[in-house]
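Visitor: Just so it is clear, I am handing over protein.pdb, which has PDB, C-alpha atoms.
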```pdb
ATOM      1  CA  VAL A   1     -53.099 -74.365  19.004
ATOM      2  CA  THR A   2     -52.877 -74.858  15.243
ATOM      3  CA  ARG A   3     -53.760 -72.445  12.468
ATOM      4  CA  PHE A   4     -54.201 -73.629   8.888
ATOM      5  CA  SER A   5     -53.466 -71.722   5.686
ATOM      6  CA  GLY A   6     -56.163 -73.564   3.746
ATOM      7  CA  ARG A   7     -53.638 -74.897   1.233
ATOM      8  CA  ARG A   8     -52.461 -78.480   0.883
ATOM      9  CA  ALA A   9     -48.895 -79.184   1.951
ATOM     10  CA  PRO A  10     -46.350 -81.439   0.278
ATOM     11  CA  ILE A  11     -46.281 -85.000   1.636
ATOM     12  CA  TRP A  12     -44.358 -85.152   4.908
ATOM     13  CA  GLN A  13     -40.802 -86.352   4.278
ATOM     14  CA  GLY A  14     -39.343 -85.945   7.760
ATOM     15  CA  THR A  15     -38.726 -88.512  10.463
ATOM     16  CA  THR A  16     -40.168 -88.768  13.941
ATOM     17  CA  MET A  17     -39.663 -91.136  16.816
ATOM     18  CA  HIS A  18     -42.501 -93.526  17.633
ATOM     19  CA  VAL A  19     -44.938 -92.032  15.083
ATOM     20  CA  HIS A  20     -45.970 -93.951  11.972
ATOM     21  CA  PRO A  21     -45.385 -91.993   8.719
ATOM     22  CA  HIS A  22     -49.108 -92.273   7.869
ATOM     23  CA  VAL A  23     -49.955 -90.315  11.023
ATOM     24  CA  MET A  24     -47.538 -87.584   9.964
ATOM     25  CA  HIS A  25     -48.988 -87.526   6.424
ATOM     26  CA  GLU A  26     -52.470 -86.998   7.866
ATOM     27  CA  SER A  27     -51.328 -84.502  10.502
ATOM     28  CA  TYR A  28     -49.484 -82.309   8.022
ATOM     29  CA  SER A  29     -51.616 -82.690   4.895
ATOM     30  CA  HIS A  30     -52.186 -78.914   4.929
ATOM     31  CA  GLU A  31     -49.931 -75.971   5.754
ATOM     32  CA  VAL A  32     -49.945 -75.206   9.473
ATOM     33  CA  SER A  33     -48.548 -72.916  12.101
ATOM     34  CA  SER A  34     -48.699 -74.718  15.421
ATOM     35  CA  ALA A  35     -47.785 -73.725  18.978
ATOM     36  CA  GLY A  36     -48.046 -75.170  22.446
ATOM     37  CA  LEU A  37     -46.411 -75.955  25.768
ATOM     38  CA  TRP A  38     -43.876 -78.767  26.113
ATOM     39  CA  LEU A  39     -43.146 -79.876  29.667
ATOM     40  CA  GLY A  40     -39.815 -81.330  28.593
ATOM     41  CA  ALA A  41     -38.056 -84.606  29.125
ATOM     42  CA  GLY A  42     -35.506 -83.811  31.787
ATOM     43  CA  SER A  43     -35.287 -80.200  30.685
ATOM     44  CA  ALA A  44     -37.166 -77.074  31.687
ATOM     45  CA  PRO A  45     -40.646 -76.567  30.202
ATOM     46  CA  LEU A  46     -40.966 -74.309  27.189
ATOM     47  CA  PHE A  47     -43.429 -72.897  24.739
ATOM     48  CA  TYR A  48     -42.847 -73.842  21.111
ATOM     49  CA  SER A  49     -43.979 -72.736  17.678
ATOM     50  CA  TYR A  50     -43.316 -74.310  14.296
ATOM     51  CA  ALA A  51     -44.540 -74.241  10.700
ATOM     52  CA  VAL A  52     -45.079 -77.131   8.278
ATOM     53  CA  PRO A  53     -43.865 -76.819   5.659
ATOM     54  CA  GLN A  54     -41.327 -74.391   7.018
ATOM     55  CA  PRO A  55     -41.182 -71.365   4.691
ATOM     56  CA  ASP A  56     -37.851 -69.931   3.577
ATOM     57  CA  GLY A  57     -36.546 -67.474   6.156
ATOM     58  CA  PHE A  58     -38.653 -68.822   9.028
ATOM     59  CA  ALA A  59     -35.663 -69.929  11.102
ATOM     60  CA  THR A  60     -34.146 -66.442  10.959
ATOM     61  CA  ALA A  61     -37.372 -64.479  11.471
ATOM     62  CA  GLN A  62     -37.392 -61.882  14.232
ATOM     63  CA  VAL A  63     -39.784 -62.890  16.993
ATOM     64  CA  SER A  64     -40.684 -61.372  20.311
ATOM     65  CA  PRO A  65     -39.866 -61.434  23.184
ATOM     66  CA  SER A  66     -36.092 -61.614  22.805
ATOM     67  CA  GLN A  67     -35.935 -64.840  24.856
ATOM     68  CA  GLY A  68     -37.745 -66.578  21.990
ATOM     69  CA  THR A  69     -35.147 -68.305  19.825
ATOM     70  CA  TYR A  70     -35.046 -70.775  16.973
ATOM     71  CA  ASP A  71     -33.826 -74.244  17.976
ATOM     72  CA  ALA A  72     -32.364 -75.840  14.839
ATOM     73  CA  GLY A  73     -32.319 -79.304  16.424
ATOM     74  CA  MET A  74     -36.039 -79.148  17.124
ATOM     75  CA  GLY A  75     -36.871 -77.169  13.975
ATOM     76  CA  GLU A  76     -38.998 -74.665  15.872
ATOM     77  CA  PHE A  77     -39.014 -71.502  17.916
ATOM     78  CA  VAL A  78     -38.880 -71.985  21.669
ATOM     79  CA  LEU A  79     -39.563 -69.688  24.605
ATOM     80  CA  PRO A  80     -38.640 -70.829  28.118
ATOM     81  CA  TYR A  81     -41.628 -71.123  30.431
ATOM     82  CA  ALA A  82     -39.611 -69.208  33.035
ATOM     83  CA  ALA A  83     -39.319 -66.217  30.679
ATOM     84  CA  VAL A  84     -43.105 -66.006  30.587
ATOM     85  CA  ARG A  85     -43.661 -66.765  34.267
ATOM     86  CA  ASN A  86     -41.108 -64.183  35.416
ATOM     87  CA  SER A  87     -42.163 -61.388  33.056
ATOM     88  CA  ASP A  88     -44.081 -58.340  34.264
ATOM     89  CA  ASN A  89     -47.059 -59.349  32.125
ATOM     90  CA  PRO A  90     -47.067 -63.119  31.411
ATOM     91  CA  ASP A  91     -50.221 -63.042  29.255
ATOM     92  CA  GLU A  92     -48.831 -60.315  27.018
ATOM     93  CA  THR A  93     -45.396 -61.960  26.825
ATOM     94  CA  LEU A  94     -46.844 -65.281  25.699
ATOM     95  CA  MET A  95     -49.232 -63.640  23.223
ATOM     96  CA  ARG A  96     -46.330 -61.721  21.635
ATOM     97  CA  PHE A  97     -44.449 -64.988  21.120
ATOM     98  CA  LEU A  98     -47.499 -66.752  19.684
ATOM     99  CA  GLN A  99     -48.441 -63.846  17.429
ATOM    100  CA  THR A 100     -44.955 -63.086  16.095
ATOM    101  CA  THR A 101     -44.176 -66.729  15.313
ATOM    102  CA  TYR A 102     -47.561 -67.143  13.600
ATOM    103  CA  ALA A 103     -46.953 -63.935  11.626
ATOM    104  CA  ALA A 104     -43.553 -65.231  10.526
ATOM    105  CA  ALA A 105     -45.096 -68.492   9.278
ATOM    106  CA  ALA A 106     -48.057 -66.789   7.602
ATOM    107  CA  ASP A 107     -46.186 -63.887   6.018
ATOM    108  CA  LEU A 108     -43.200 -65.905   4.804
ATOM    109  CA  GLY A 109     -45.559 -68.657   3.627
ATOM    110  CA  LYS A 110     -47.646 -66.050   1.767
ATOM    111  CA  TRP A 111     -50.875 -66.974   3.531
ATOM    112  CA  ASP A 112     -53.968 -64.837   2.880
ATOM    113  CA  ARG A 113     -54.095 -63.337   6.360
ATOM    114  CA  ASP A 114     -56.960 -60.956   5.544
ATOM    115  CA  LEU A 115     -59.144 -63.931   4.690
ATOM    116  CA  LEU A 116     -57.900 -66.133   7.539
ATOM    117  CA  GLU A 117     -58.173 -63.483  10.249
ATOM    118  CA  HIS A 118     -61.474 -61.898   9.187
ATOM    119  CA  ARG A 119     -63.954 -61.781  12.050
ATOM    120  CA  VAL A 120     -67.654 -61.667  11.357
ATOM    121  CA  ALA A 121     -69.438 -58.971  13.353
ATOM    122  CA  CYS A 122     -71.657 -60.318  16.114
ATOM    123  CA  THR A 123     -75.330 -59.499  15.557
ATOM    124  CA  CYS A 124     -76.459 -60.732  18.970
ATOM    125  CA  SER A 125     -78.651 -58.478  21.073
ATOM    126  CA  PRO A 126     -77.252 -57.260  24.411
ATOM    127  CA  GLU A 127     -79.550 -59.751  26.156
ATOM    128  CA  GLU A 128     -78.227 -62.650  24.054
ATOM    129  CA  LEU A 129     -74.634 -61.617  24.748
ATOM    130  CA  ARG A 130     -75.288 -61.536  28.504
ATOM    131  CA  ARG A 131     -76.928 -64.963  28.330
ATOM    132  CA  LEU A 132     -74.003 -66.411  26.328
ATOM    133  CA  LYS A 133     -71.514 -64.961  28.813
ATOM    134  CA  GLY A 134     -73.565 -66.264  31.732
ATOM    135  CA  THR A 135     -74.067 -62.831  33.277
ATOM    136  CA  PRO A 136     -77.376 -61.396  34.507
TER     137      PRO A 136
END
```
Rewrite the structure from the file as structure tokens, please.

Guide:
Amino acid sequence: VTRFSGRRAPIWQGTTMHVHPHVMHESYSHEVSSAGLWLGAGSAPLFYSYAVPQPDGFATAQVSPSQGTYDAGMGEFVLPYAAVRNSDNPDETLMRFLQTTYAAAADLGKWDRDLLEHRVACTCSPEELRRLKGTP
């Protein structure tokens, strides 16, 4: 999942294996906080979260759960899949990781979170809501 700040980002200056620089310029033309699941290449699967451009202090931000750590080699926060799978509440554990890493990117990057996270109230009737949910 990727969230955008709405602001343009500096032109990508990093390097990547097997990806043309133009693809990276297009992919990171705006500030992002991105997260997902990486199945690994010979290693255990993990969840990841990164920010482009990476705001000052991001690498040392406090995230939750405690098994979530910053991997300097990858330039992102990682959380072992096993830490989520073996937790008492996997959904809540993963959401904490996703939310705290996003908050670190957004707050340190000075994103307008009130604007970005505003939810418009639903004006659907109860009948419309049931129909949209597929319930009788």

Visitor: A:Glu26, A:Phe4, A:Tyr70, A:Leu98: which is nearest Gly57 of chain A, counting all atoms listed in the file?

Guide: A:Tyr70

Visitor: Could you tell me how far atom CA of Ser5 of chain A sits from atom CA of His20 of chain A, in Å to one decimal place?

Guide: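 Going from atom CA of His20 of chain A over to atom CA of Ser5 of chain A, I get 24.3 Å.
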
Visitor: Which value, in Å to one decimal, gives the distance between atom CA of Gly40 of chain A and atom CA of Ser64 of chain A?

Guide: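 Atom-to-atom, atom CA of Gly40 of chain A to atom CA of Ser64 of chain A, that is 21.6 Å.
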
Visitor: Counting only C-alpha atoms, figure out which residue out of A:Ala82, A:Tyr48, A:Leu115, A:Met74 gets nearest to Phe97 of chain A.

Guide: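 Result for the nearest residue to Phe97 of chain A: A:Tyr48.
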
Visitor: Considering only C-alpha atoms, tabulate each residue of segment 14-74 of chain A that lies at most 9 Å from segment 106-112 of chain A along with its nearest interatomic pair and the corresponding distance in Å to one decimal; arrange the rows by chain and ascending residue number and present them as a tab-separated table.

Guide:
```
residue	atom	partner	partner_atom	distance
A:Glu31	CA	A:Gly109	CA	8.8
A:Val32	CA	A:Ala106	CA	8.8
A:Ser33	CA	A:Ala106	CA	7.6
A:Ala51	CA	A:Ala106	CA	8.8
A:Pro53	CA	A:Gly109	CA	8.6
A:Gln54	CA	A:Gly109	CA	7.9
A:Pro55	CA	A:Gly109	CA	5.3
A:Asp56	CA	A:Leu108	CA	6.8
A:Gly57	CA	A:Leu108	CA	7.0
A:Phe58	CA	A:Leu108	CA	6.9
A:Ala61	CA	A:Leu108	CA	9.0
```

Visitor: Could you list, as a JSON list (two decimals) with C-alpha atoms, in the frame of the given file, every residue matched by the PyMOL selection byres ((chain A and resi 79) around 6) in this structure?

Guide:
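Dumped to result-v3.json:
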```json
[["chain", "number", "residue", "atom", "x", "y", "z"],
["A", 46, "LEU", "CA", -40.97, -74.31, 27.19],
["A", 47, "PHE", "CA", -43.43, -72.90, 24.74],
["A", 68, "GLY", "CA", -37.74, -66.58, 21.99],
["A", 78, "VAL", "CA", -38.88, -71.98, 21.67],
["A", 80, "PRO", "CA", -38.64, -70.83, 28.12]]
```

Visitor: For a test of reading the model, state the distance in Å between atom CA of Arg3 of chain A and atom CA of Ala35 of chain A, rounded to one decimal.

Guide: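 Spanning atom CA of Arg3 of chain A to atom CA of Ala35 of chain A is a straight-line distance of 8.9 Å.
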
Visitor: Just want the 6 Å neighbourhood of Ser34 of chain A, counted on all atoms listed in the file, with same-chain residues fewer than 6 positions away dropped. Output as a PyMOL selection string.

Guide: chain A and resi 1-2+49-50

Visitor: A:Ser87, A:Val52, A:His18, A:Ser43: which is nearest His30 of chain A, counting all atoms listed in the file?

Guide: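 For His30 of chain A, the nearest of the given residues is A:Val52.
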
Visitor: Nearest to Tyr102 of chain A among A:Glu127, A:Asp71, A:Asp88, A:Glu76, with distances taken over all atoms listed in the file: which residue is it?

Guide: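 Checking each of A:Glu127, A:Asp71, A:Asp88, A:Glu76 against Tyr102 of chain A, counting all atoms listed in the file, the winner is A:Glu76.
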
Visitor: Residues at most 7 Å from segment 91-96 of chain A, counting only C-alpha atoms, excluding those fewer than 4 positions away in the same chain, as a list in words?

Guide: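 Residues near the query, excluding close chain neighbours: Ser64, Pro65, Val84 and Thr100 of chain A.
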
Visitor: Using all atoms listed in the file, which of A:Leu132, A:Ala59, A:Val120, A:Ala83 sits nearest Ala104 of chain A?

Guide: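 Closest to Ala104 of chain A of all the choices is A:Ala59.
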
Visitor: For the point (-40.4, -83.5, 7.5) in the file's frame, write as a short mmCIF file (atom, residue, chain, number, x, y, z; two decimals) with C-alpha atoms, keeping the file's coordinate frame all residues with an atom no more than 9 Å away, counting all atoms listed in the file.

Guide:
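Result went into result01.cif, see below:
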```
data_model
loop_
_atom_site.label_atom_id
_atom_site.label_comp_id
_atom_site.auth_asym_id
_atom_site.auth_seq_id
_atom_site.Cartn_x
_atom_site.Cartn_y
_atom_site.Cartn_z
CA ILE A 11 -46.28 -85.00 1.64
CA TRP A 12 -44.36 -85.15 4.91
CA GLN A 13 -40.80 -86.35 4.28
CA GLY A 14 -39.34 -85.94 7.76
CA THR A 15 -38.73 -88.51 10.46
CA THR A 16 -40.17 -88.77 13.94
CA MET A 24 -47.54 -87.58 9.96
CA VAL A 52 -45.08 -77.13 8.28
CA PRO A 53 -43.86 -76.82 5.66
#
```

Visitor: Here is a test: counting all atoms listed in the file, which residue of A:Pro21, A:Pro10, A:Thr60, A:Tyr81 is nearest to Trp38 of chain A?

Guide: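 The shortest atom-to-atom distance to Trp38 of chain A comes from A:Tyr81.
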
Visitor: As JSON, please report the centre and edge lengths, rounded to one decimal in Å, of the axis-aligned box that holds all listed atoms of segment 22-25 of chain A with 8 Å of padding on each of the six sides.

Guide:
```
{"center_x": -48.7, "center_y": -89.9, "center_z": 8.7, "size_x": 18.4, "size_y": 20.7, "size_z": 20.6}
```
